[in-house]
>>> print(open('my_file01.tsv').read())   # TSV, C-alpha atoms
chain	number	residue	atom	x	y	z
A	1	MET	CA	0.00	0.00	0.00
A	2	PRO	CA	1.44	3.43	-0.95
A	3	ASP	CA	2.50	5.72	1.88
A	4	HIS	CA	-0.12	8.28	0.84
A	5	SER	CA	-2.92	5.72	1.17
A	6	ARG	CA	-1.65	4.59	4.54
A	7	GLY	CA	-1.61	8.20	5.72
A	8	LEU	CA	-5.19	8.75	4.62
A	9	GLN	CA	-6.24	5.54	6.33
A	10	ARG	CA	-4.60	6.60	9.60
A	11	VAL	CA	-6.36	9.98	9.44
A	12	ALA	CA	-9.70	8.27	8.84
A	13	TRP	CA	-9.18	5.90	11.78
A	14	THR	CA	-8.16	8.81	14.03
A	15	ARG	CA	-11.30	10.77	13.14
A	16	ALA	CA	-13.49	7.74	13.69
A	17	ALA	CA	-11.89	7.04	17.08
A	18	ARG	CA	-12.43	10.63	18.20
A	19	ALA	CA	-16.06	10.55	17.01
A	20	VAL	CA	-16.68	7.43	19.08
A	21	LEU	CA	-14.63	8.15	22.20
A	22	TRP	CA	-15.45	11.79	22.91
A	23	PRO	CA	-19.24	11.30	23.38
A	24	LEU	CA	-18.58	8.25	25.55
A	25	ALA	CA	-16.03	10.10	27.67
A	26	VAL	CA	-18.07	13.28	28.12
A	27	GLY	CA	-21.25	11.36	28.87
A	28	SER	CA	-19.49	9.17	31.43
A	29	LEU	CA	-17.88	12.16	33.16
A	30	LEU	CA	-21.19	14.04	33.31
A	31	HIS	CA	-22.94	10.99	34.72
A	32	LEU	CA	-20.21	10.62	37.33
A	33	ALA	CA	-20.50	14.30	38.25
A	34	VAL	CA	-24.29	14.13	38.71
A	35	ARG	CA	-24.10	10.92	40.71
A	36	SER	CA	-21.33	12.28	42.95
A	37	ALA	CA	-23.04	15.66	43.49
A	38	THR	CA	-26.16	13.90	44.75
A	39	GLY	CA	-24.34	11.29	46.83
A	40	THR	CA	-23.42	11.14	50.50
A	41	ALA	CA	-19.97	12.82	50.20
A	42	SER	CA	-18.94	11.27	53.51
A	43	ASP	CA	-15.39	12.68	53.52
A	44	LEU	CA	-16.56	16.14	52.58
A	45	ALA	CA	-19.08	16.12	55.42
A	46	ILE	CA	-16.16	15.91	57.84
A	47	LEU	CA	-14.27	18.73	56.11
A	48	TRP	CA	-17.41	20.84	55.88
A	49	ARG	CA	-18.19	20.57	59.60
A	50	SER	CA	-14.63	21.37	60.65
A	51	GLY	CA	-14.41	24.25	58.18
A	52	ALA	CA	-17.68	25.71	59.43
A	53	SER	CA	-16.48	25.44	63.01
A	54	LEU	CA	-13.19	27.19	62.23
A	55	ALA	CA	-14.94	29.94	60.23
A	56	ALA	CA	-17.19	30.58	63.22
A	57	GLY	CA	-14.20	30.96	65.56
A	58	GLY	CA	-14.41	27.47	67.04
A	59	PRO	CA	-11.95	24.56	67.10
A	60	LEU	CA	-10.83	22.84	63.91
A	61	TYR	CA	-10.43	19.32	65.28
A	62	ASP	CA	-13.52	17.47	66.48
A	63	PRO	CA	-13.47	15.30	69.64
A	64	GLY	CA	-13.55	12.08	67.59
A	65	LEU	CA	-10.60	13.22	65.43
A	66	GLU	CA	-12.43	12.62	62.18
A	67	PHE	CA	-10.69	15.66	60.68
A	68	ILE	CA	-7.03	14.59	60.37
A	69	TYR	CA	-5.64	17.16	57.93
A	70	PRO	CA	-2.91	19.69	58.81
A	71	PRO	CA	-4.11	23.02	60.22
A	72	LEU	CA	-3.63	24.92	56.95
A	73	ALA	CA	-6.21	22.68	55.28
A	74	GLY	CA	-8.76	23.96	57.75
A	75	TRP	CA	-8.56	27.46	56.32
A	76	LEU	CA	-8.90	26.16	52.77
A	77	VAL	CA	-12.13	24.32	53.58
A	78	ALA	CA	-13.48	27.09	55.83
A	79	PRO	CA	-15.18	28.85	52.86
A	80	LEU	CA	-17.00	25.61	52.11
A	81	GLY	CA	-18.38	25.71	55.65
A	82	LEU	CA	-20.13	28.98	54.81
A	83	LEU	CA	-22.12	27.24	52.06
A	84	PRO	CA	-25.04	24.86	52.45
A	85	PHE	CA	-23.74	21.30	52.47
A	86	ARG	CA	-25.23	20.44	49.06
A	87	GLY	CA	-23.68	23.58	47.61
A	88	ALA	CA	-20.30	22.59	49.02
A	89	VAL	CA	-20.63	19.11	47.51
A	90	LEU	CA	-21.38	20.58	44.08
A	91	VAL	CA	-18.35	22.89	44.27
A	92	VAL	CA	-15.98	20.10	45.31
A	93	VAL	CA	-17.24	17.68	42.65
A	94	VAL	CA	-16.96	20.23	39.83
A	95	VAL	CA	-13.51	21.39	40.97
A	96	GLY	CA	-12.32	17.81	41.44
A	97	LEU	CA	-13.53	16.72	38.01
A	98	ALA	CA	-11.98	19.76	36.34
A	99	ALA	CA	-8.68	19.10	38.14
A	100	THR	CA	-8.66	15.49	36.94
A	101	VAL	CA	-9.29	16.47	33.32
A	102	ALA	CA	-6.61	19.18	33.49
A	103	ALA	CA	-4.10	16.76	35.02
A	104	THR	CA	-4.82	14.19	32.31
A	105	VAL	CA	-4.35	16.71	29.50
A	106	LEU	CA	-1.10	17.95	31.07
A	107	LEU	CA	0.35	14.49	31.66
A	108	LEU	CA	-0.45	13.28	28.16
A	109	ARG	CA	1.14	16.40	26.74
A	110	LEU	CA	4.29	15.70	28.76
A	111	VAL	CA	4.64	12.29	27.06
A	112	GLY	CA	3.97	13.67	23.59
A	113	VAL	CA	0.22	13.01	23.21
A	114	ARG	CA	-1.69	16.01	21.89
A	115	ALA	CA	-5.16	17.05	23.00
A	116	THR	CA	-6.40	16.30	19.47
A	117	SER	CA	-5.38	12.65	19.81
A	118	PRO	CA	-8.11	10.05	20.46
A	119	VAL	CA	-5.92	8.85	23.33
A	120	LEU	CA	-7.19	11.74	25.49
A	121	PRO	CA	-10.91	10.82	25.40
A	122	GLY	CA	-9.90	7.17	25.74
A	123	VAL	CA	-8.01	7.86	28.98
A	124	LEU	CA	-10.84	10.07	30.29
A	125	LEU	CA	-13.37	7.32	29.51
A	126	VAL	CA	-11.33	4.79	31.48
A	127	LEU	CA	-10.90	7.22	34.37
A	128	ALA	CA	-14.64	7.92	34.49
A	129	HIS	CA	-15.24	4.23	35.13
A	130	SER	CA	-12.24	3.66	37.40
A	131	ARG	CA	-12.49	2.85	41.06
A	132	PRO	CA	-10.14	5.63	42.30
A	133	LEU	CA	-11.90	8.54	40.57
A	134	ILE	CA	-15.39	7.25	41.31
A	135	GLY	CA	-14.51	6.78	44.97
A	136	LEU	CA	-12.84	10.17	45.37
A	137	LEU	CA	-15.65	12.15	43.76
A	138	ASP	CA	-18.37	10.15	45.51
A	139	GLN	CA	-16.76	10.83	48.89
A	140	GLY	CA	-16.07	14.49	48.12
A	141	ASN	CA	-12.33	14.06	48.58
A	142	VAL	CA	-9.65	16.60	47.61
A	143	ASP	CA	-7.09	14.14	46.23
A	144	THR	CA	-8.15	14.97	42.68
A	145	VAL	CA	-6.82	18.49	43.22
A	146	LEU	CA	-3.59	17.03	44.61
A	147	LEU	CA	-3.30	14.90	41.45
A	148	LEU	CA	-3.22	18.15	39.49
A	149	ALA	CA	-0.57	19.46	41.90
A	150	GLU	CA	1.49	16.29	41.35
A	151	SER	CA	1.19	16.74	37.58
A	152	GLY	CA	2.20	20.39	37.88
A	153	ILE	CA	5.26	19.49	39.94
A	154	ILE	CA	6.34	16.94	37.32
A	155	ALA	CA	5.82	19.45	34.50
A	156	LEU	CA	7.86	22.10	36.32
A	157	LEU	CA	10.68	19.63	37.00
A	158	LEU	CA	10.76	18.67	33.33
A	159	ALA	CA	10.94	22.37	32.42
A	160	ARG	CA	13.82	22.80	34.92
A	161	ARG	CA	11.81	25.29	36.95
A	162	ASP	CA	12.99	23.76	40.20
A	163	LEU	CA	12.12	26.63	42.54
A	164	ALA	CA	8.51	26.71	41.34
A	165	ALA	CA	8.25	22.91	41.53
A	166	GLY	CA	9.57	22.88	45.08
A	167	ALA	CA	7.31	25.72	46.18
A	168	LEU	CA	4.26	23.89	44.80
A	169	LEU	CA	5.31	20.66	46.50
A	170	GLY	CA	5.76	22.39	49.85
A	171	ALA	CA	2.33	24.03	49.56
A	172	ALA	CA	0.68	20.70	48.69
A	173	CYS	CA	2.31	18.92	51.63
A	174	ALA	CA	1.24	21.70	53.99
A	175	VAL	CA	-2.36	20.99	52.98
A	176	LYS	CA	-2.15	17.19	52.90
A	177	PRO	CA	1.17	15.29	53.11
A	178	THR	CA	0.15	12.60	50.61
A	179	LEU	CA	2.78	13.93	48.19
A	180	ALA	CA	5.56	13.77	50.78
A	181	PRO	CA	7.29	10.93	48.84
A	182	VAL	CA	8.04	13.47	46.11
A	183	VAL	CA	10.62	14.95	48.50
A	184	LEU	CA	12.64	11.75	48.15
A	185	ALA	CA	12.14	11.96	44.38
A	186	LEU	CA	13.85	15.36	44.43
A	187	VAL	CA	16.80	13.78	46.25
A	188	LEU	CA	17.11	10.96	43.69
A	189	LEU	CA	16.83	13.43	40.82
A	190	GLY	CA	19.48	15.68	42.34
A	191	ARG	CA	17.21	18.74	42.45
A	192	GLY	CA	18.66	20.56	45.45
A	193	ARG	CA	17.05	23.91	44.64
A	194	ALA	CA	13.62	22.30	44.42
A	195	LEU	CA	14.25	20.52	47.71
A	196	LEU	CA	15.16	23.79	49.41
A	197	ALA	CA	12.11	25.57	47.98
A	198	ALA	CA	9.85	22.75	49.17
A	199	ALA	CA	11.28	22.95	52.69
A	200	VAL	CA	10.83	26.73	52.84
A	201	SER	CA	7.30	26.89	51.41
A	202	GLY	CA	6.12	23.86	53.34
A	203	GLY	CA	7.61	25.10	56.59
A	204	VAL	CA	6.24	28.63	56.25
A	205	LEU	CA	2.72	27.53	55.29
A	206	THR	CA	2.62	24.90	58.03
A	207	ALA	CA	3.67	27.51	60.56
A	208	VAL	CA	0.94	29.86	59.32
A	209	GLY	CA	-1.64	27.13	59.82
A	210	LEU	CA	-0.38	26.23	63.28
A	211	LEU	CA	-0.26	29.83	64.48
A	212	THR	CA	-3.78	30.64	63.31
A	213	VAL	CA	-5.70	27.58	64.46
A	214	PRO	CA	-6.92	27.76	68.08
A	215	ASP	CA	-6.55	24.04	68.86
A	216	ARG	CA	-3.17	23.56	67.16
A	217	ALA	CA	-1.89	21.32	69.96
A	218	THR	CA	-4.42	18.62	68.98
A	219	PHE	CA	-2.57	18.12	65.71
A	220	PHE	CA	0.53	16.97	67.64
A	221	THR	CA	-1.13	15.18	70.55
A	222	GLY	CA	-3.95	13.50	68.64
A	223	VAL	CA	-3.71	13.54	64.85
A	224	LEU	CA	-0.06	12.58	64.32
A	225	PRO	CA	-0.10	9.64	66.80
A	226	LEU	CA	-3.36	8.44	65.23
A	227	LEU	CA	-1.88	8.44	61.72
A	228	ALA	CA	1.36	6.82	62.89
A	229	GLY	CA	-0.66	3.99	64.39
A	230	GLY	CA	-2.52	3.26	61.14
A	231	ASN	CA	-5.61	5.46	61.57
A	232	ARG	CA	-8.75	4.48	63.49
A	233	THR	CA	-9.41	0.84	64.31
A	234	GLU	CA	-12.81	0.82	62.61
A	235	LEU	CA	-11.12	1.74	59.31
A	236	ALA	CA	-8.79	-1.27	59.38
A	237	PRO	CA	-10.90	-3.27	56.86
A	238	PHE	CA	-10.32	-0.49	54.32
A	239	ASN	CA	-6.53	-0.39	54.72
A	240	ARG	CA	-4.90	-1.64	51.51
A	241	SER	CA	-1.24	-1.25	52.52
A	242	LEU	CA	1.03	-4.17	53.34
A	243	HIS	CA	0.59	-3.31	57.01
A	244	GLY	CA	-3.17	-3.53	56.63
A	245	ALA	CA	-2.83	-6.92	54.95
A	246	ALA	CA	-0.49	-8.13	57.69
A	247	VAL	CA	-3.01	-7.15	60.36
A	248	GLU	CA	-5.91	-8.76	58.48
A	249	LEU	CA	-3.97	-11.98	57.87
A	250	GLY	CA	-2.41	-12.11	61.34
A	251	LEU	CA	1.20	-12.00	60.15
A	252	PRO	CA	4.02	-11.52	62.70
A	253	PRO	CA	5.08	-7.88	63.17
A	254	ALA	CA	8.65	-8.68	62.12
A	255	LEU	CA	7.45	-10.11	58.79
A	256	ASP	CA	5.15	-7.10	58.34
A	257	LEU	CA	8.06	-4.72	58.78
A	258	ALA	CA	10.31	-6.74	56.47
A	259	LEU	CA	7.72	-6.81	53.69
A	260	ARG	CA	7.12	-3.08	53.94
A	261	ALA	CA	10.83	-2.30	53.89
A	262	ALA	CA	11.37	-4.61	50.91
A	263	ALA	CA	8.56	-3.06	48.89
A	264	PHE	CA	9.71	0.48	49.54
A	265	GLY	CA	13.33	-0.43	48.87
A	266	LEU	CA	12.36	-2.06	45.58
A	267	ALA	CA	10.44	1.05	44.49
A	268	CYS	CA	13.46	3.19	45.37
A	269	TRP	CA	15.74	0.89	43.36
A	270	VAL	CA	13.54	1.15	40.27
A	271	ALA	CA	13.35	4.93	40.68
A	272	TRP	CA	17.16	5.05	41.02
A	273	ARG	CA	17.55	3.09	37.78
A	274	ARG	CA	15.28	5.55	35.95
A	275	ARG	CA	16.61	8.77	37.46
A	276	SER	CA	18.66	9.89	34.44
A	277	GLY	CA	16.24	9.72	31.52
A	278	PRO	CA	14.86	12.84	29.86
A	279	GLU	CA	11.44	12.09	31.35
A	280	ALA	CA	12.71	10.80	34.68
A	281	PRO	CA	10.32	12.88	36.87
A	282	VAL	CA	7.28	11.33	35.14
A	283	GLU	CA	8.44	7.91	36.32
A	284	VAL	CA	10.38	8.59	39.52
A	285	VAL	CA	7.64	10.60	41.26
A	286	PRO	CA	4.80	8.03	40.92
A	287	LEU	CA	7.19	5.13	41.57
A	288	LEU	CA	8.02	6.52	45.00
A	289	VAL	CA	4.34	7.20	45.63
A	290	LEU	CA	3.69	3.53	44.79
A	291	GLY	CA	6.35	2.43	47.24
A	292	THR	CA	4.82	4.62	49.93
A	293	LEU	CA	1.32	3.23	49.31
A	294	LEU	CA	2.70	-0.24	49.94
A	295	ALA	CA	4.85	0.61	52.96
A	296	SER	CA	2.58	3.11	54.70
A	297	SER	CA	0.74	2.28	57.89
A	298	PHE	CA	-2.54	3.12	56.11
A	299	SER	CA	-3.37	3.46	52.41
A	300	TRP	CA	-6.74	3.93	50.74
A	301	ALA	CA	-7.35	2.11	47.45
A	302	ASN	CA	-8.42	5.45	45.93
A	303	TYR	CA	-4.86	6.75	46.30
A	304	SER	CA	-4.13	4.79	43.12
A	305	ILE	CA	-5.09	8.00	41.30
A	306	TYR	CA	-1.57	9.28	42.03
A	307	LEU	CA	-0.11	6.57	39.78
A	308	LEU	CA	-1.62	8.14	36.65
A	309	PRO	CA	1.68	9.85	35.64
A	310	LEU	CA	3.40	6.46	35.50
A	311	LEU	CA	0.59	4.88	33.49
A	312	VAL	CA	0.52	7.52	30.76
A	313	THR	CA	4.18	6.78	29.98
A	314	ALA	CA	2.87	3.70	28.14
A	315	ALA	CA	2.68	6.05	25.15
A	316	ARG	CA	6.50	6.31	25.11
A	317	ARG	CA	9.05	3.80	23.86
A	318	GLY	CA	10.96	2.12	26.66
A	319	SER	CA	8.21	2.68	29.25
A	320	LEU	CA	8.17	0.59	32.40
A	321	VAL	CA	4.48	-0.22	31.92
A	322	CYS	CA	4.47	-1.64	28.39
A	323	ALA	CA	4.06	-5.26	29.55
A	324	TRP	CA	0.78	-7.01	30.21
A	325	PRO	CA	1.49	-7.82	33.92
A	326	ALA	CA	1.60	-4.09	34.64
A	327	TRP	CA	-1.89	-3.61	33.23
A	328	ALA	CA	-3.20	-6.72	34.95
A	329	GLY	CA	-2.15	-4.94	38.14
A	330	VAL	CA	-3.85	-1.74	36.98
A	331	TYR	CA	-7.07	-3.67	36.49
A	332	LEU	CA	-6.93	-5.03	40.03
A	333	PHE	CA	-6.62	-1.61	41.68
A	334	ALA	CA	-8.58	0.45	39.17
A	335	THR	CA	-11.61	-1.66	38.33
A	336	ASP	CA	-14.92	-0.55	39.80
A	337	ASP	CA	-16.09	-4.16	40.05
A	338	ALA	CA	-17.15	-4.90	43.61
A	339	TRP	CA	-15.43	-8.31	43.70
A	340	HIS	CA	-17.80	-9.16	46.50
A	341	VAL	CA	-19.39	-12.57	46.90
A	342	GLU	CA	-22.49	-12.57	49.09
A	343	GLY	CA	-22.02	-14.62	52.21
A	344	LEU	CA	-18.30	-15.12	51.66
A	345	THR	CA	-16.30	-14.88	54.89
A	346	GLY	CA	-12.88	-15.69	56.30
A	347	LEU	CA	-9.69	-15.79	54.25
A	348	PRO	CA	-11.34	-15.78	50.78
A	349	ASP	CA	-13.26	-12.61	51.63
A	350	THR	CA	-10.12	-10.96	53.01
A	351	LEU	CA	-8.12	-11.79	49.89
A	352	LEU	CA	-10.82	-10.35	47.64
A	353	ARG	CA	-10.79	-7.10	49.60
A	354	LEU	CA	-7.00	-6.96	49.25
A	355	LEU	CA	-7.07	-7.12	45.43
A	356	PRO	CA	-5.99	-3.43	45.12
A	357	LEU	CA	-2.88	-4.30	47.13
A	358	GLY	CA	-2.25	-7.20	44.78
A	359	GLY	CA	-2.53	-4.79	41.87
A	360	TRP	CA	0.05	-2.43	43.39
A	361	LEU	CA	2.44	-5.33	43.97
A	362	LEU	CA	1.96	-6.63	40.43
A	363	LEU	CA	2.60	-3.17	38.98
A	364	LEU	CA	5.76	-2.78	41.06
A	365	GLY	CA	6.93	-6.24	40.01
A	366	ALA	CA	6.40	-5.43	36.32
A	367	CYS	CA	8.30	-2.15	36.69
A	368	THR	CA	11.13	-3.97	38.47
A	369	VAL	CA	11.49	-6.51	35.66
A	370	ALA	CA	11.42	-3.76	33.03
A	371	ALA	CA	13.98	-1.67	34.92
A	372	HIS	CA	16.26	-4.69	35.32
A	373	SER	CA	16.19	-5.37	31.57
A	374	THR	CA	17.17	-1.84	30.60
A	375	ARG	CA	20.41	0.01	31.09
A	376	THR	CA	20.40	3.27	32.99
A	377	ALA	CA	20.05	6.02	30.41
A	378	ALA	CA	22.65	8.74	30.06
A	379	PRO	CA	21.44	12.25	30.86
A	380	GLY	CA	19.23	13.54	28.09
A	381	ARG	CA	18.65	10.11	26.50
A	382	HIS	CA	15.74	7.74	26.95
A	383	PRO	CA	16.69	4.22	28.12
A	384	VAL	CA	16.46	1.57	25.41
A	385	PRO	CA	15.88	-2.11	26.23
A	386	GLU	CA	18.98	-4.20	25.63
A	387	SER	CA	17.10	-6.49	23.22
A	388	ASP	CA	16.00	-3.50	21.11
A	389	ARG	CA	19.54	-2.11	21.21
A	390	ASP	CA	20.96	-5.42	19.99
A	391	ARG	CA	18.45	-5.68	17.15
A	392	ALA	CA	19.16	-2.10	16.11
A	393	GLY	CA	22.89	-2.80	16.09
A	394	ALA	CA	22.39	-5.91	13.98
A	395	ARG	CA	20.30	-4.03	11.43
A	396	THR	CA	22.86	-1.23	11.23
A	397	ALA	CA	25.71	-3.69	10.83
A	398	ARG	CA	23.95	-5.07	7.74
A	399	THR	CA	23.16	-1.63	6.26
A	400	PRO	CA	25.96	0.90	5.70
A	401	SER	CA	25.22	4.49	6.62
A	402	ARG	CA	24.44	6.74	3.71
A	403	THR	CA	26.46	9.56	5.20
A	404	ASN	CA	29.49	7.30	5.46
A	405	ALA	CA	29.11	5.58	2.08
A	406	PRO	CA	32.31	5.20	0.03
A	407	ARG	CA	33.15	8.21	-2.07
A	408	ALA	CA	34.90	8.18	-5.45
A	409	GLY	CA	38.57	7.39	-5.10
A	410	VAL	CA	38.34	6.67	-1.38
A	411	GLU	CA	37.88	3.27	0.26
A	412	ASP	CA	35.60	3.55	3.29
A	413	VAL	CA	33.93	0.54	4.83
A	414	SER	CA	32.69	2.24	8.02
A	415	VAL	CA	29.06	1.86	9.10
A	416	GLY	CA	26.77	4.30	10.85
A	417	ASP	CA	26.44	4.70	14.58
A	418	PRO	CA	23.71	2.28	15.78
A	419	ARG	CA	22.46	4.97	18.17
A	420	GLY	CA	21.43	7.10	15.19
>>> encode(input="my_file01.tsv", output="structure tokens")
Amino acid sequence: MPDHSRGLQRVAWTRAARAVLWPLAVGSLLHLAVRSATGTASDLAILWRSGASLAAGGPLYDPGLEFIYPPLAGWLVAPLGLLPFRGAVLVVVVVGLAATVAATVLLLRLVGVRATSPVLPGVLLVLAHSRPLIGLLDQGNVDTVLLLAESGIIALLLARRDLAAGALLGAACAVKPTLAPVVLALVLLGRGRALLAAAVSGGVLTAVGLLTVPDRATFFTGVLPLLAGGNRTELAPFNRSLHGAAVELGLPPALDLALRAAAFGLACWVAWRRRSGPEAPVEVVPLLVLGTLLASSFSWANYSIYLLPLLVTAARRGSLVCAWPAWAGVYLFATDDAWHVEGLTGLPDTLLRLLPLGGWLLLLGACTVAAHSTRTAAPGRHPVPESDRDRAGARTARTPSRTNAPRAGVEDVSVGDPRG
């Protein structure tokens, strides 16, 4: 088939894919927004009550310690406390959905996928039916906004705007320290200026929150010990970290600690192997978040949303997630299927509830295998699998370079550089 005909065929397929995927994606997102805006918004109810109390001059932290965010977060949700609860739910759902779409567009752009590509509506369609996004919007959570912050930090690091990236990271951690693993990513990437900016902005904003909240001492005497101990006991069945699995399965504490250390160490090793590529922040940041989800004392399944930057790298050659085991893991933690069998109890029921953890482990295992089979890239070059490198060298050895072809009167048998 002539190249011109192939080009026309590709254009036709692209147009057809966009015509199919965009209505499905927009309809699914709108349906999710309506369903979430009329739902219970259980997490937002906690934020709304604490924000209303703080706005009225009362304490931020309730006696039952349901509000477990840093003090600065109280001032950010205080305006929501001035609205009727249903109005606050609508605002949070719309903002959260907009943040998710913006983060998706930005991340795809970072890996070379344009907004005109059918890949964008395809990713949005999958997200609209994914467990993490459905859960976050239904509960009125703010992690969707932090996903946009994570994407912004990665974009700024890629653009070498380290001070801005660090300042944004510090601000995000002062609101909710879920992105704290990115601090270690800055160390692995050798971004000292970003690390300093994160420490300054995070420290200043945390101090502002502590100095302006009347019951600041509760954060140190109640909230931090609660989080260090794995959150409230009644939430244990929802803990998807290795620690949560160890508690559910009755594993010895020493084995629990060893498994957590091994998982986090493995994630750090993979991140170290990928620290030098031109798109290193897109991989290193979510890899360390993945390691933290596994090793933390408490992890929600919905925190899988923070792995989106790693998953979109599938569009790039040499990605860690181009093998089927990685996406089998994605299915386990991203599917909205209940995986619940009525009347099932005991170990089988526990294992079904721990499927998101299994997905995280499978994804980390796939990334580890892929990282082991690739050489660490030199700065400014994308890592190429050794098998691909060998095939490329063999092809080049058979085909002399045009630029180095023999010229009249000169014998030259050199071949081109296999790296191109």
>>> residues_near_point(input="my_file01.tsv", point="(-3.6, 19.8, 60.4)", cutoff="8 Å", atoms="only C-alpha atoms", output="PyMOL selection string")
chain A and resi 68-74+175+209-210+216+219+223
>>> atom_distance(input="my_file01.tsv", atom1="CA of Leu205 (chain A)", atom2="CA of Val145 (chain A)")
17.8 Å
>>> closest_residue(input="my_file01.tsv", among="A:Val182, A:Ala155, A:Gly265, A:Thr218", to="Arg109 (chain A)", atoms="all atoms listed in the file")
A:Ala155
>>> residues_near_point(input="my_file01.tsv", point="(8.7, 26.9, 51.9)", cutoff="10 Å", atoms="only C-alpha atoms", output="PyMOL selection string")
chain A and resi 163+166-171+174+195-206
>>> closest_residue(input="my_file01.tsv", among="A:Trp360, A:Trp48, A:Trp13, A:Phe238", to="Trp75 (chain A)", atoms="all atoms listed in the file")
A:Trp48
>>> residues_around(input="my_file01.tsv", residues="region 55-61 of chain A", least_positions_apart="4", cutoff="6 Å", atoms="only C-alpha atoms", output="list in words")
Ser50, Phe67, Ala78 and Asp215 of chain A
>>> atom_distance(input="my_file01.tsv", atom1="CA of Gly140 (chain A)", atom2="CA of Thr40 (chain A)")
8.4 Å
>>> decode(input="my_file01.tsv", residues="region 272-286 of chain A", atoms="N, CA and C atoms", output="PDB file, in the first residue's frame")
ATOM      1  N   TRP A 272      15.731   4.740  41.188  1.00  0.00           N
ATOM      2  CA  TRP A 272      17.158   5.050  41.017  1.00  0.00           C
ATOM      3  C   TRP A 272      17.632   4.673  39.618  1.00  0.00           C
ATOM      4  N   ARG A 273      17.163   3.533  39.124  1.00  0.00           N
ATOM      5  CA  ARG A 273      17.546   3.093  37.784  1.00  0.00           C
ATOM      6  C   ARG A 273      17.030   4.042  36.704  1.00  0.00           C
ATOM      7  N   ARG A 274      15.913   4.712  36.969  1.00  0.00           N
ATOM      8  CA  ARG A 274      15.282   5.553  35.952  1.00  0.00           C
ATOM      9  C   ARG A 274      15.510   7.045  36.189  1.00  0.00           C
ATOM     10  N   ARG A 275      16.456   7.383  37.027  1.00  0.00           N
ATOM     11  CA  ARG A 275      16.612   8.769  37.461  1.00  0.00           C
ATOM     12  C   ARG A 275      17.248   9.669  36.402  1.00  0.00           C
ATOM     13  N   SER A 276      17.857   9.097  35.365  1.00  0.00           N
ATOM     14  CA  SER A 276      18.659   9.894  34.441  1.00  0.00           C
ATOM     15  C   SER A 276      18.022  10.111  33.082  1.00  0.00           C
ATOM     16  N   GLY A 277      16.880   9.551  32.821  1.00  0.00           N
ATOM     17  CA  GLY A 277      16.244   9.721  31.520  1.00  0.00           C
ATOM     18  C   GLY A 277      15.695  11.123  31.345  1.00  0.00           C
ATOM     19  N   PRO A 278      15.396  11.496  30.110  1.00  0.00           N
ATOM     20  CA  PRO A 278      14.860  12.840  29.859  1.00  0.00           C
ATOM     21  C   PRO A 278      13.487  13.056  30.475  1.00  0.00           C
ATOM     22  N   GLU A 279      12.770  11.981  30.730  1.00  0.00           N
ATOM     23  CA  GLU A 279      11.442  12.091  31.346  1.00  0.00           C
ATOM     24  C   GLU A 279      11.434  11.462  32.735  1.00  0.00           C
ATOM     25  N   ALA A 280      12.571  11.478  33.391  1.00  0.00           N
ATOM     26  CA  ALA A 280      12.707  10.804  34.683  1.00  0.00           C
ATOM     27  C   ALA A 280      11.652  11.216  35.708  1.00  0.00           C
ATOM     28  N   PRO A 281      11.321  12.521  35.860  1.00  0.00           N
ATOM     29  CA  PRO A 281      10.321  12.885  36.868  1.00  0.00           C
ATOM     30  C   PRO A 281       8.967  12.214  36.664  1.00  0.00           C
ATOM     31  N   VAL A 282       8.576  11.958  35.405  1.00  0.00           N
ATOM     32  CA  VAL A 282       7.281  11.333  35.140  1.00  0.00           C
ATOM     33  C   VAL A 282       7.235   9.920  35.707  1.00  0.00           C
ATOM     34  N   GLU A 283       8.384   9.265  35.791  1.00  0.00           N
ATOM     35  CA  GLU A 283       8.438   7.910  36.324  1.00  0.00           C
ATOM     36  C   GLU A 283       8.830   7.881  37.792  1.00  0.00           C
ATOM     37  N   VAL A 284       9.831   8.653  38.158  1.00  0.00           N
ATOM     38  CA  VAL A 284      10.375   8.588  39.517  1.00  0.00           C
ATOM     39  C   VAL A 284       9.340   9.017  40.554  1.00  0.00           C
ATOM     40  N   VAL A 285       8.622  10.097  40.280  1.00  0.00           N
ATOM     41  CA  VAL A 285       7.641  10.602  41.257  1.00  0.00           C
ATOM     42  C   VAL A 285       6.570   9.553  41.571  1.00  0.00           C
ATOM     43  N   PRO A 286       5.832   9.020  40.572  1.00  0.00           N
ATOM     44  CA  PRO A 286       4.801   8.026  40.920  1.00  0.00           C
ATOM     45  C   PRO A 286       5.369   6.707  41.432  1.00  0.00           C
TER      46      PRO A 286
END
